[in-house]
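**Q** Take this structure, written in structure tokens, and hold onto it; I'll ask about it next.
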Amino acid sequence: MSKRKHKSKKSDGPTVRRELRAEAFTDESAIKPTWYRTFSWPIVIVLCIITFFMLVHGSNYERRKGFLTFDESIYMRLGFFLKQGEPYSTVKIYEEKKRSRALPEYLNRPVFKHPPMYSWTISMFYSMLEQKSTYKYEELYAAASKVSNLAGVMLILLVFWFAKTYYGYSTGFLVAFLMAIDLNMTLSSQKVWMASSLTMWMFATLIFLYKACEEHRGYFLAAGFTFGLAMLTKYTAVLVVPILITYLLIYHRDMFKRWEFYSFFAVAGLMFLPWAIHNMKVYGMDAFTMMIIRQTAGPEKMARFAVLAAVVLAGVIGGIWFQRRRVSSGSVDEKSAAEFDSTVWRKGVVAAVGCFIAFLLLQKPFLTSILATLSWESIPNAGWDMAIFKKEPWYFYLKQHVEYSPMYLFVFLALLRAPLGKRQDVFLFTSCCWILAFTIVWGNFQGRYALSFVPPALILIASTITLIYKMLLRYRNNAGYIGLGVLSVMLFYFVLKAFKVYSAIALNHNVAYF
């Protein structure tokens, strides 16, 4: 058995499951069963049940006075069309509504711009309705909103699973709680919007990809399956690809030679193939541009992001090439070069993040948001106006999350810490950066577009808070006790303020149309 282990170590790359878990539970009595380990899942499930009913409460059609956002009405109708065996098309809706209001041109195309997974899931929930010829909007909305409600609950389970596995139970419980009260997650999961479903499938994919890299390559198959579901929900799920490639370039370059890595794309490709074939039948050779460019961000924005991605990946690859040149020339041995380059890139990334944060703090709108989130009286801007966030600065997503909850002030400390941390920190940091980069380049500011930023960001926040607590607990003196007291009071106030904003917007029929 030992011999086999040594043989496979070179080809399999690092497998750190035991080490990561040992580190996660070092301070949490991993050997002895403890109450929080025994009752961890029941506790989180109770939290999920409470959150589910809170989301259902926020989705109540009568309490919303029958108001629907434009996207909600589209998804509900598409789900109903699929239930009735009609084509996945909005042309019928366009013909009905074009006289009463201005409608986007993409509604008048034979195939709806987004893949059908979300609408198909809604149609499945419609099948549970009482069979009759017509339905009230209230009935359709009650069924359709459950898709987003359940996706929001699943996100709590996913972040807890990842956090307790690689950081420990204290971080797991904290991040589950933070996810349950996160305003962006709540607003998106109350509505018939696909953001929660997309984020659920994307983050599940990221979890399986991390496990495939660090535990067992067989997880690439599971990641391919969830990635296929994510891509069939919305094309922006493709963001998991640059996240994966960046991480592999840093830690697991040997993985590019493994068939399991390519099985990830093969499984997802097979799942996506029927949708691609359907588009080919409708649009012919123009199907790709119809799916990816004309119906999403537009050619200019896609080109900008492609250039950004190329520059980042070229920088990483260039660093690897430079390291190999140094080793091959004999100027430095491989181990020393690897240690030196690891230190340099980590410190370089921290310096870049530090400069970015300093730049944000020099921006008056950002400082205003910080002061607003710290003020007990201030409530973020909200309402049903579709142009409510039309003239926001490019750093809108960071600014808005800070306004929604003071807990996001810790994200800047977390982003500074992550590059110097363990592999799970770097993986989550990479996820946050790629998602933020894309949403900023996209430029159409709607908070739900950045919902996929929330799970990795909240895990980094929770792990940073628990790390600070553990550091303070080591100082058994007055300074340590004062630090613990100050941090505890600050977190208590932050949670109270987050609850106040949550109550004012999420529970008060204030959609914050974004």
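Ordering of the structure tokens sets the chain letters (A, B, ...); residue numbers start at 1 within each chain; ligands are numbered from 1 in the order shown.
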Give me the residues near A:Leu451 as a list in words, where near means some atom within 8 Å (using only C-alpha atoms) and where sequence neighbours in that chain fewer than 4 positions away do not count.

**A**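 Using only C-alpha atoms, the neighbours found are Asn184, Met185, Ala195, Ser196, Thr199, Gly447 and Pro455 of chain A.
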
**Q** Show which residues sit within 8 Å of A:Phe427, as number ranges by chain. Count only C-alpha atoms, and ignore same-chain residues fewer than 4 positions away.

**A** A: 210, 243, 247, 423, 431

**Q** What lies within 12 Å of A:Pro116 using only C-alpha atoms, ignoring chain neighbours under 2 positions off, as a ChimeraX atom specification?

**A** /A:75,78-79,81-82,87-89,111-114,118-123,194,229-235,272,274-276,278-279

**Q** Enter the distance from atom CA of A:Phe162 to atom CA of A:Leu244, in Å, rounded to one decimal.

**A**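 It comes out at 16.6 Å.
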
**Q** Go through A:Leu206, A:Leu239, A:Leu270, A:Leu150 one by one, measure the shortest atom-to-atom distance of each to A:Ser188 using only C-alpha atoms, and give the residue with the smallest value.

**A**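 Of the candidates, the smallest distance to A:Ser188 is held by A:Leu150.
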
**Q** Point out the residue among A:Ile461, A:Met407, A:Met76, A:Met200 with the least atom-to-atom distance to A:Leu158, counting only C-alpha atoms.

**A**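 Ranked by minimum distance to A:Leu158, first place goes to A:Met200.
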
**Q** With only C-alpha atoms as the atoms that count, which of A:Ala180, A:Val486, A:Ile440, A:Ala268 lies nearest to A:Met54?

**A**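 So, comparing all the options, the nearest one is A:Ala180.
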
**Q** Residues within 10 Å of A:Glu392, please, as a compact mmCIF listing (two decimals) with N, CA and C atoms, in the first residue's frame. Count only C-alpha atoms; anything in the same chain fewer than 3 positions from it doesn't count.

**A**
# COMPACT_ATOMS: atom_id res chain seq x y z
N PRO A 365 -17.64 58.63 -3.13
CA PRO A 365 -18.83 57.77 -3.02
C PRO A 365 -18.60 56.53 -2.18
N ILE A 388 -32.58 52.64 -11.01
CA ILE A 388 -32.14 53.10 -9.69
C ILE A 388 -30.62 53.13 -9.55
N PHE A 389 -29.93 52.23 -10.23
CA PHE A 389 -28.47 52.18 -10.14
C PHE A 389 -27.82 52.48 -11.49
N TYR A 395 -17.00 50.67 -9.34
CA TYR A 395 -16.83 49.82 -8.16
C TYR A 395 -18.16 49.62 -7.42
N PHE A 396 -19.26 49.74 -8.15
CA PHE A 396 -20.61 49.66 -7.58
C PHE A 396 -20.81 48.43 -6.69
N TYR A 397 -20.37 47.26 -7.15
CA TYR A 397 -20.69 46.01 -6.43
C TYR A 397 -20.06 45.98 -5.04
N LYS A 399 -19.15 48.66 -3.30
CA LYS A 399 -19.82 49.73 -2.56
C LYS A 399 -21.20 49.32 -2.07
N GLN A 400 -21.95 48.65 -2.94
CA GLN A 400 -23.32 48.29 -2.59
C GLN A 400 -23.38 47.19 -1.54
N GLY A 443 -20.62 46.07 -16.67
CA GLY A 443 -21.05 47.46 -16.53
C GLY A 443 -22.53 47.69 -16.35
N ASN A 444 -23.37 46.69 -16.57
CA ASN A 444 -24.82 46.86 -16.38
C ASN A 444 -25.13 46.55 -14.91
N PHE A 445 -25.09 47.57 -14.08
CA PHE A 445 -25.09 47.36 -12.64
C PHE A 445 -26.44 46.89 -12.11
